[in-house]
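Asker: Sharing structure-v2.txt, compact mmCIF, C-alpha atoms:
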```
# COMPACT_ATOMS: atom_id res chain seq x y z
CA MET A 580 104.05 111.40 115.87
CA SER A 581 103.09 111.98 112.29
CA LYS A 582 99.49 111.42 111.36
CA ILE A 583 97.95 110.10 108.17
CA PRO A 584 95.11 112.06 106.54
CA TYR A 585 91.76 111.08 108.02
CA ILE A 586 88.35 111.18 106.40
CA HIS A 587 86.78 114.28 107.91
CA TYR A 588 84.20 115.02 105.26
CA GLN A 589 81.46 112.90 103.75
CA LYS A 590 82.71 113.67 100.23
CA ASP A 591 86.11 112.15 101.16
CA GLN A 592 84.44 108.96 102.34
CA LYS A 593 82.42 108.79 99.15
CA SER A 594 85.58 109.29 97.11
CA LEU A 595 87.28 106.36 98.84
CA ILE A 596 84.24 104.10 98.47
CA HIS A 597 84.05 104.90 94.75
CA THR A 598 87.74 104.07 94.39
CA TYR A 599 87.15 100.68 96.02
CA PHE A 600 84.38 99.92 93.53
CA ILE A 601 86.66 100.85 90.62
CA ALA A 602 89.49 98.74 92.06
CA LEU A 603 87.22 95.67 92.15
CA ILE A 604 86.37 95.86 88.43
CA PRO A 605 89.55 94.13 87.08
CA LEU A 606 89.12 91.29 89.60
CA LEU A 607 85.44 90.82 88.76
CA PHE A 608 86.15 90.65 85.03
CA PHE A 609 88.99 88.15 85.42
CA GLY A 610 87.04 85.96 87.86
CA PHE A 611 84.10 85.85 85.48
CA TYR A 612 86.41 84.85 82.63
CA LYS A 613 88.34 82.21 84.59
CA ASN A 614 85.38 80.59 86.34
CA GLY A 615 82.83 81.03 83.57
CA ILE A 616 83.88 81.82 80.02
CA LEU A 617 87.13 79.79 80.05
CA LEU A 618 85.37 76.70 81.40
CA TYR A 619 82.64 76.99 78.77
CA GLN A 620 85.18 77.40 75.98
CA ASN A 621 86.73 74.08 77.04
CA ASP A 622 83.34 72.30 77.23
CA LEU A 623 83.56 71.86 80.99
CA ILE A 624 80.28 73.63 81.81
CA THR A 625 77.04 74.52 80.05
CA PHE A 626 76.22 78.00 78.74
CA GLN A 627 73.95 78.68 81.73
CA ASP A 628 76.76 77.84 84.16
CA ILE A 629 78.88 80.66 82.73
CA PHE A 630 76.93 83.10 84.87
CA ILE A 631 77.27 81.26 88.21
CA PRO A 632 80.23 83.47 89.31
CA LEU A 633 77.98 86.52 88.95
CA TYR A 634 75.34 85.15 91.35
CA PHE A 635 77.48 85.93 94.39
CA PRO A 636 78.27 89.62 93.76
CA LEU A 637 74.67 90.28 92.68
CA ILE A 638 73.25 88.62 95.81
CA SER A 639 75.81 90.46 97.95
CA ILE A 640 74.86 93.82 96.48
CA LEU A 641 71.22 93.16 97.39
CA ILE A 642 72.15 92.03 100.92
CA GLY A 643 74.38 95.07 101.47
CA PHE A 644 71.60 97.36 100.29
CA LEU A 645 69.04 95.74 102.61
CA ILE A 646 71.35 95.97 105.63
CA GLY A 647 72.05 99.62 104.85
CA VAL A 648 68.31 100.36 104.65
CA ILE A 649 67.44 98.46 107.85
CA GLN A 650 70.32 99.94 109.87
CA LYS A 651 69.90 103.40 108.31
CA THR A 652 73.61 103.53 107.49
CA SER A 653 75.48 104.17 104.25
CA LYS A 654 74.00 101.80 101.66
CA LYS A 655 77.02 102.22 99.38
CA GLU A 656 79.39 101.25 102.17
CA MET A 657 77.42 98.14 103.10
CA ILE A 658 77.12 97.14 99.43
CA LEU A 659 80.88 97.54 99.05
CA ILE A 660 81.62 95.40 102.12
CA SER A 661 79.22 92.68 100.93
CA LEU A 662 80.76 92.78 97.46
CA ILE A 663 84.29 92.46 98.84
CA LEU A 664 83.22 89.45 100.91
CA SER A 665 81.60 87.80 97.87
CA CYS A 666 84.90 87.91 95.98
CA THR A 667 86.59 85.59 98.47
CA VAL A 668 84.20 82.63 98.48
CA SER A 669 84.46 79.50 96.36
CA MET A 670 82.67 78.63 93.12
CA ASN A 671 81.26 75.62 94.99
CA THR A 672 79.50 77.70 97.61
CA ASN A 673 75.86 76.89 98.32
CA VAL A 674 74.06 80.06 97.25
CA LEU A 675 71.20 79.75 99.77
CA ILE A 676 73.46 79.12 102.77
CA TYR A 677 75.77 81.91 101.60
CA SER A 678 72.91 84.40 101.37
CA LEU A 679 71.44 83.60 104.78
CA VAL A 680 74.75 83.48 106.63
CA LEU A 681 76.12 86.63 104.97
CA PHE A 682 73.01 88.64 105.83
CA ALA A 683 72.79 87.45 109.45
CA THR A 684 76.52 87.66 110.20
CA LEU A 685 77.21 91.00 108.53
CA PHE A 686 74.12 92.51 110.14
CA ILE A 687 75.17 91.38 113.63
CA THR A 688 78.92 92.07 113.39
CA SER A 689 78.42 95.55 111.94
CA ILE A 690 76.22 96.43 114.93
CA MET A 691 78.68 94.86 117.39
CA SER A 692 81.53 96.91 115.93
CA ARG A 693 79.85 100.13 117.07
CA LYS A 694 80.35 99.09 120.69
CA TYR A 695 83.35 96.78 120.47
CA ALA A 696 86.23 97.86 118.24
CA PHE A 697 87.41 95.12 115.89
CA ASN A 698 87.63 94.39 112.17
CA TYR A 699 84.09 93.12 111.68
CA ILE A 700 84.57 92.43 107.95
CA SER A 701 87.20 89.78 108.65
CA LEU A 702 85.05 88.27 111.42
CA THR A 703 82.12 88.08 109.00
CA ARG A 704 84.36 86.24 106.54
CA ILE A 705 85.51 83.75 109.20
CA VAL A 706 81.93 82.96 110.30
CA LEU A 707 80.84 82.68 106.68
CA ILE A 708 83.47 80.06 105.87
CA LEU A 709 82.79 78.13 109.10
CA ALA A 710 79.15 77.88 108.05
CA LEU A 711 80.03 76.78 104.51
CA ILE A 712 82.86 74.39 105.32
CA PHE A 713 80.45 71.61 106.30
CA ASN A 714 79.06 71.65 102.75
CA SER A 715 82.07 69.85 101.17
CA TYR A 716 83.76 73.19 100.73
CA SER A 717 86.49 73.41 98.09
CA TYR A 718 88.15 76.30 96.23
CA LEU A 719 88.71 74.18 93.11
CA ASN A 720 86.58 74.90 90.06
CA VAL A 721 85.66 72.16 87.55
CA ALA A 722 88.91 72.43 85.58
CA GLU A 723 91.08 72.45 88.70
CA LYS A 724 89.38 69.35 90.12
CA ILE A 725 90.35 67.30 87.07
CA ASN A 726 93.70 69.04 86.38
CA ALA A 727 92.46 70.04 82.93
CA PHE A 728 95.20 72.60 82.42
CA ASN A 729 98.94 72.42 83.04
CA TYR A 730 99.71 75.81 84.54
CA ASN A 731 103.20 77.12 85.31
CA TRP A 732 104.25 79.69 87.93
CA SER A 733 103.55 82.70 85.70
CA ASP A 734 100.06 81.36 84.96
CA LYS A 735 99.39 81.03 88.68
CA PHE A 736 100.59 84.60 89.23
CA LEU A 737 98.09 85.76 86.61
CA GLY A 738 95.34 83.92 88.47
CA TYR A 739 94.98 80.46 86.94
CA ALA A 740 95.03 78.73 90.32
CA ASN A 741 92.54 77.86 93.03
CA GLY A 742 91.21 80.63 95.21
CA GLY A 743 88.17 82.81 95.77
CA ILE A 744 85.93 83.37 92.75
CA PHE A 745 87.44 86.80 92.12
CA THR A 746 90.65 86.69 94.16
CA SER A 747 92.85 84.03 92.55
CA SER A 748 94.95 86.52 90.58
CA THR A 749 97.88 88.12 92.38
CA PHE A 750 98.51 90.19 89.24
CA PHE A 751 95.04 91.75 89.21
CA VAL A 752 95.12 92.26 92.99
CA ILE A 753 98.26 94.36 92.46
CA ILE A 754 96.40 96.35 89.78
CA SER A 755 93.53 96.92 92.21
CA PHE A 756 95.95 97.97 94.95
CA LEU A 757 97.58 100.52 92.64
CA ILE A 758 94.16 101.98 91.84
CA LEU A 759 93.41 102.30 95.56
CA ALA A 760 96.85 103.76 96.29
CA PHE A 761 96.02 106.81 94.18
CA ASN A 762 93.38 107.81 96.73
CA LYS A 763 95.09 109.75 99.52
CA PHE A 764 92.64 108.43 102.11
CA TYR A 765 93.56 104.80 101.43
CA LYS A 766 95.87 103.50 104.18
CA LYS A 767 98.32 101.82 101.80
CA ILE A 768 101.08 101.52 104.40
CA ILE A 769 99.20 98.61 106.06
CA PRO A 770 98.85 96.33 103.00
CA ILE A 771 102.43 97.14 101.97
CA THR A 772 103.94 96.14 105.33
CA SER A 773 101.62 93.13 105.60
CA SER A 774 102.63 91.86 102.17
CA LEU A 775 106.35 92.46 102.65
CA SER A 776 106.53 90.69 106.01
CA TYR A 777 104.41 87.82 104.65
CA VAL A 778 106.63 87.37 101.58
CA LEU A 779 109.90 87.64 103.51
CA ILE A 780 108.93 85.04 106.12
CA LEU A 781 107.58 82.52 103.59
CA ALA A 782 110.64 83.02 101.36
CA LEU A 783 112.84 82.31 104.38
CA VAL A 784 110.83 79.16 105.18
CA PHE A 785 111.23 78.00 101.57
CA ILE A 786 114.99 78.58 101.63
CA ILE A 787 115.28 76.52 104.82
CA ILE A 788 112.85 73.70 103.99
CA LYS A 789 113.04 73.70 100.16
CA ASP A 790 109.36 72.83 99.78
CA THR A 791 107.58 74.32 96.74
CA THR A 792 104.30 74.31 98.69
CA TYR A 793 105.40 77.56 100.27
CA LEU A 794 105.98 79.08 96.85
CA ASN A 795 102.34 78.34 96.06
CA ASN A 796 101.41 80.29 99.18
CA LEU A 797 103.46 83.24 97.91
CA LEU A 798 101.26 83.31 94.80
CA ASN A 799 98.00 83.10 96.75
CA GLY A 800 95.98 86.02 95.38
CA THR A 801 93.34 85.64 98.09
CA THR A 802 95.90 86.55 100.75
CA TYR A 803 96.97 89.74 98.98
CA PHE A 804 93.33 90.59 98.31
CA ALA A 805 92.68 90.42 102.06
CA PHE A 806 95.70 92.66 102.70
CA ALA A 807 94.51 95.20 100.13
CA MET A 808 90.77 95.20 100.89
CA PHE A 809 90.31 94.04 104.51
CA VAL A 810 93.12 95.56 106.59
CA THR A 811 92.26 99.15 105.62
CA ASP A 812 89.00 98.98 107.56
CA PRO A 813 88.35 102.38 109.25
CA TYR A 814 89.35 100.85 112.59
CA THR A 815 93.17 100.89 112.39
CA PRO A 816 96.00 102.31 114.54
CA ASN A 817 96.12 106.09 114.88
CA THR A 818 99.59 106.72 113.47
CA LYS A 819 101.84 105.68 110.60
CA LYS A 820 104.17 103.89 113.01
CA GLY A 821 101.21 102.08 114.55
CA MET A 822 99.98 101.07 111.10
CA MET A 823 103.39 99.69 110.23
CA ILE A 824 103.46 97.59 113.41
CA TYR A 825 99.90 96.46 112.71
CA GLY A 826 100.80 95.49 109.13
CA VAL A 827 103.90 93.55 110.17
CA LEU A 828 101.92 91.63 112.82
CA ILE A 829 99.31 90.69 110.22
CA GLY A 830 102.00 89.52 107.80
CA ILE A 831 103.77 87.43 110.44
CA ILE A 832 100.66 85.69 111.74
CA THR A 833 99.34 85.12 108.21
CA SER A 834 102.61 83.51 107.12
CA VAL A 835 102.50 81.11 110.09
CA LEU A 836 98.83 80.20 109.66
CA SER A 837 99.25 79.80 105.89
CA LEU A 838 101.43 76.75 106.50
CA VAL A 839 98.24 75.01 107.66
CA ILE A 840 95.25 76.91 106.22
CA PRO A 841 96.55 79.07 103.34
CA MET A 842 93.16 80.33 102.10
CA GLU A 843 91.81 81.42 105.48
CA ALA A 844 95.05 82.53 107.17
CA SER A 845 94.87 86.22 106.25
CA PHE A 846 91.28 86.69 107.44
CA ILE A 847 91.94 85.06 110.81
CA SER A 848 95.14 87.06 111.18
CA ILE A 849 93.41 90.37 110.41
CA PHE A 850 90.71 89.72 112.97
CA ILE A 851 93.21 88.69 115.68
CA CYS A 852 95.45 91.69 115.01
CA SER A 853 92.51 94.11 115.04
CA LEU A 854 92.08 93.18 118.72
CA THR A 855 95.61 94.44 119.42
CA ILE A 856 94.99 97.96 118.06
CA PRO A 857 94.19 99.49 121.49
CA LEU A 858 97.49 98.07 122.80
CA ILE A 859 99.42 99.43 119.81
CA ASN A 860 97.90 102.88 120.26
CA LYS A 861 98.53 102.84 124.02
CA PHE A 862 102.14 101.68 123.59
CA LEU A 863 102.99 104.40 121.05
CA LEU A 864 101.29 107.16 123.02
CA LYS A 865 103.09 106.05 126.19
CA ASN A 866 106.43 106.29 124.37
CA VAL A 867 105.60 109.81 123.19
CA TYR A 868 104.67 111.00 126.69
CA ASN A 869 107.89 109.48 128.11
CA GLN A 870 110.10 111.38 125.69
```
As structure tokens, what does this structure read like?

Answerer:
Amino acid sequence: MSKIPYIHYQKDQKSLIHTYFIALIPLLFFGFYKNGILLYQNDLITFQDIFIPLYFPLISILIGFLIGVIQKTSKKEMILISLILSCTVSMNTNVLIYSLVLFATLFITSIMSRKYAFNYISLTRIVLILALIFNSYSYLNVAEKINAFNYNWSDKFLGYANGGIFTSSTFFVIISFLILAFNKFYKKIIPITSSLSYVLILALVFIIIKDTTYLNNLLNGTTYFAFAMFVTDPYTPNTKKGMMIYGVLIGIITSVLSLVIPMEASFISIFICSLTIPLINKFLLKNVYNQ
């Protein structure tokens, strides 16, 4: 079995973390424009409200730093994880509830992951949304609630559609993925196989049912963001073949769940599939020994 390069040295881990930060920049800029500047330019919010999208990444950076200090782990890594999570929430999120739940959940799940292997970032995201969903949770910003703009398919691809504050743009998610793909320690095979299987299944569903709803799901930037940023958690299958199987499973389950809960499907799928990693590793190793 062929192996992918693993992070053996601290400098390699730092290199990958820095690449993640760089990859987030295009998404942060676009999210700030779409959910702040653009709304202000169209007299939909006040000048002070322009900066609301920035509250979440700033709070998340502070929370990640505090968790890193308390747990005596990498502060940069915890800040990155918190920042990634902040990108996926809605503009309508209650800041206080978000702060408390993010701190408590990320703190607990990151500790649990040391004993029980699973993708704790996706679990944190699931718990976070469950806590927020009772607060009239919606991914629509002010303009989207009143249908202020008439967007076409290309506009939606660029990101002018509902989604996480910084994850609505499939176009900018692709840019971020390409930035990450240049780092040899980034496990790009997983997001590629996840995305391909997701697109193929939903395209097939559309061909059979002829419902444009499924085309909207294909342009869901939040899903591709999860594939690019969440599935490459350090806890993944040990081999390239295992990663391909893992990616395909994520894509399949996400495509099925997206028919009901399009915004949350990828996070639930990633968590579920992370529980199958020991089975994937065991199955592949068993096949090698039987050859």

Asker: How close does range 635-740 of chain A get to range 593-614 of chain A? List, as JSON lines, each residue of range 635-740 of chain A within 7 Å, its nearest atom pair and the distance in Å to one decimal, counting all atoms listed in the file.

Answerer:
```
{"residue": "A:Glu656", "atom": "CA", "partner": "A:Ile596", "partner_atom": "CA", "distance": 6.7}
{"residue": "A:Leu659", "atom": "CA", "partner": "A:Phe600", "partner_atom": "CA", "distance": 7.0}
{"residue": "A:Asn720", "atom": "CA", "partner": "A:Asn614", "partner_atom": "CA", "distance": 6.9}
```

Asker: Measuring between only C-alpha atoms, which one of A:Gln620, A:Ser689, A:Thr792, A:Ser669 shows the shortest distance to Gly643 in chain A?

Answerer: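 With only C-alpha atoms as the atom set, the closest residue is A:Ser689.
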
Asker: Just the number, please: distance in Å from CA of Ile769 in chain A to CA of Tyr739 in chain A, one decimal.

Answerer: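 If I compute the distance from CA of Ile769 in chain A to CA of Tyr739 in chain A, I get 26.7 Å.
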
Asker: Choose the residue, out of A:Val668, A:Leu709, A:Ile646, A:Ile780, that has the smallest atom-to-atom separation from Leu836 in chain A; count only C-alpha atoms.

Answerer: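 Among the listed residues, A:Ile780 lies closest to Leu836 in chain A.
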
Asker: Have a look at A:Phe626, A:Phe736, A:Tyr765, A:Tyr814 and name the one nearest to Cys852 in chain A; count all atoms listed in the file.

Answerer: A:Tyr814

Asker: Separation of CA of Tyr777 in chain A and CA of Ile700 in chain A, in Å?

Answerer: 20.6 Å

Asker: What are the nearest atom pairs, with distances in Å to one decimal, for all residues of range 727-753 of chain A that come at most 10 Å from range 757-760 of chain A, using all atoms listed in the file, set out by chain and rising residue number as a Markdown table?

Answerer:
```
| residue | atom | partner | partner_atom | distance |
| --- | --- | --- | --- | --- |
| A:Phe751 | CA | A:Leu757 | CA | 9.8 |
| A:Val752 | CA | A:Leu757 | CA | 8.6 |
| A:Ile753 | CA | A:Leu757 | CA | 6.2 |
```

Asker: Could you write out the selected residues, including C-alpha atoms, as an mmCIF file, in the frame of the given file?

Answerer:
```cif
data_model
loop_
_atom_site.group_PDB
_atom_site.id
_atom_site.type_symbol
_atom_site.label_atom_id
_atom_site.label_comp_id
_atom_site.auth_asym_id
_atom_site.auth_seq_id
_atom_site.Cartn_x
_atom_site.Cartn_y
_atom_site.Cartn_z
ATOM 1 C CA PHE A 751 95.040 91.750 89.210
ATOM 2 C CA VAL A 752 95.120 92.260 92.990
ATOM 3 C CA ILE A 753 98.260 94.360 92.460
#
```

Asker: Any chance you could work out the axis-aligned box around range 758-768 of chain A, listed atoms only, 8 Å on each side, giving centre and edge lengths in Å to one decimal, as lines of an AutoDock Vina configuration file?

Answerer:
```
center_x = 96.9
center_y = 105.6
center_z = 98.1
size_x = 24.4
size_y = 24.2
size_z = 28.6
```

Asker: Would you list the residues near (80.9, 75.1, 89.4) (no more than 7 Å away, in the coordinates of the file, using only C-alpha atoms) as a list of chain:residue names?

Answerer: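 Residues with an atom at most 7 Å from (80.9, 75.1, 89.4): A:Met670, A:Asn671, A:Asn720, A:Val721.
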
Asker: So that I can see what lies close to Asn698 in chain A, please list as a ChimeraX atom specification the residues with an atom at most 7 Å from it, counting all atoms listed in the file and leaving out residues fewer than 3 positions away in the same chain.

Answerer: /A:701-702,812,814,850,853

Asker: Within 12 Å of range 650-654 of chain A, counting only C-alpha atoms, which residues show up once you throw out same-chain ones fewer than 5 positions away? Write them as a VMD selection string, please.

Answerer: chain A and resid 589 592 to 593 596 640 to 645 659 to 661 685 to 687 689 to 690 693

Asker: Missing atoms in range 764-789 of chain A need filling: write out N, CA and C atoms for it as a tab-separated table (two decimals), keeping the file's coordinate frame.

Answerer:
```
chain	number	residue	atom	x	y	z
A	764	PHE	N	93.25	108.88	100.87
A	764	PHE	CA	92.64	108.43	102.11
A	764	PHE	C	92.77	106.91	102.31
A	765	TYR	N	93.33	106.24	101.32
A	765	TYR	CA	93.56	104.80	101.43
A	765	TYR	C	94.83	104.56	102.24
A	766	LYS	N	94.74	103.71	103.26
A	766	LYS	CA	95.87	103.50	104.18
A	766	LYS	C	96.82	102.43	103.62
A	767	LYS	N	97.51	102.79	102.55
A	767	LYS	CA	98.32	101.82	101.80
A	767	LYS	C	99.50	101.27	102.59
A	768	ILE	N	99.92	101.97	103.62
A	768	ILE	CA	101.08	101.52	104.40
A	768	ILE	C	100.80	100.16	105.06
A	769	ILE	N	99.53	99.87	105.39
A	769	ILE	CA	99.20	98.61	106.06
A	769	ILE	C	99.32	97.42	105.10
A	770	PRO	N	98.67	97.46	103.92
A	770	PRO	CA	98.85	96.33	103.00
A	770	PRO	C	100.29	96.15	102.52
A	771	ILE	N	101.04	97.25	102.41
A	771	ILE	CA	102.43	97.14	101.97
A	771	ILE	C	103.26	96.39	103.02
A	772	THR	N	103.15	96.79	104.27
A	772	THR	CA	103.94	96.14	105.33
A	772	THR	C	103.45	94.71	105.58
A	773	SER	N	102.15	94.49	105.44
A	773	SER	CA	101.62	93.13	105.60
A	773	SER	C	102.19	92.21	104.53
A	774	SER	N	102.16	92.68	103.29
A	774	SER	CA	102.63	91.86	102.17
A	774	SER	C	104.12	91.59	102.25
A	775	LEU	N	104.90	92.62	102.58
A	775	LEU	CA	106.35	92.46	102.65
A	775	LEU	C	106.76	91.47	103.73
A	776	SER	N	106.17	91.60	104.92
A	776	SER	CA	106.53	90.69	106.01
A	776	SER	C	106.08	89.27	105.69
A	777	TYR	N	104.92	89.13	105.06
A	777	TYR	CA	104.41	87.82	104.65
A	777	TYR	C	105.35	87.15	103.64
A	778	VAL	N	105.74	87.90	102.63
A	778	VAL	CA	106.63	87.37	101.58
A	778	VAL	C	108.00	87.00	102.14
A	779	LEU	N	108.56	87.88	102.96
A	779	LEU	CA	109.90	87.64	103.51
A	779	LEU	C	109.94	86.38	104.37
A	780	ILE	N	108.94	86.20	105.22
A	780	ILE	CA	108.93	85.04	106.12
A	780	ILE	C	108.74	83.74	105.33
A	781	LEU	N	107.80	83.74	104.37
A	781	LEU	CA	107.58	82.52	103.59
A	781	LEU	C	108.78	82.21	102.69
A	782	ALA	N	109.43	83.24	102.18
A	782	ALA	CA	110.64	83.02	101.36
A	782	ALA	C	111.74	82.40	102.21
A	783	LEU	N	111.85	82.86	103.45
A	783	LEU	CA	112.84	82.31	104.38
A	783	LEU	C	112.53	80.84	104.70
A	784	VAL	N	111.25	80.55	104.91
A	784	VAL	CA	110.83	79.16	105.18
A	784	VAL	C	111.17	78.28	103.99
A	785	PHE	N	110.93	78.78	102.78
A	785	PHE	CA	111.23	78.00	101.57
A	785	PHE	C	112.73	77.73	101.44
A	786	ILE	N	113.54	78.74	101.73
A	786	ILE	CA	114.99	78.58	101.63
A	786	ILE	C	115.49	77.51	102.60
A	787	ILE	N	114.87	77.48	103.79
A	787	ILE	CA	115.28	76.52	104.82
A	787	ILE	C	114.77	75.11	104.52
A	788	ILE	N	113.49	75.00	104.14
A	788	ILE	CA	112.85	73.70	103.99
A	788	ILE	C	112.90	73.18	102.55
A	789	LYS	N	112.99	74.08	101.59
A	789	LYS	CA	113.04	73.70	100.16
A	789	LYS	C	111.78	72.98	99.69
```
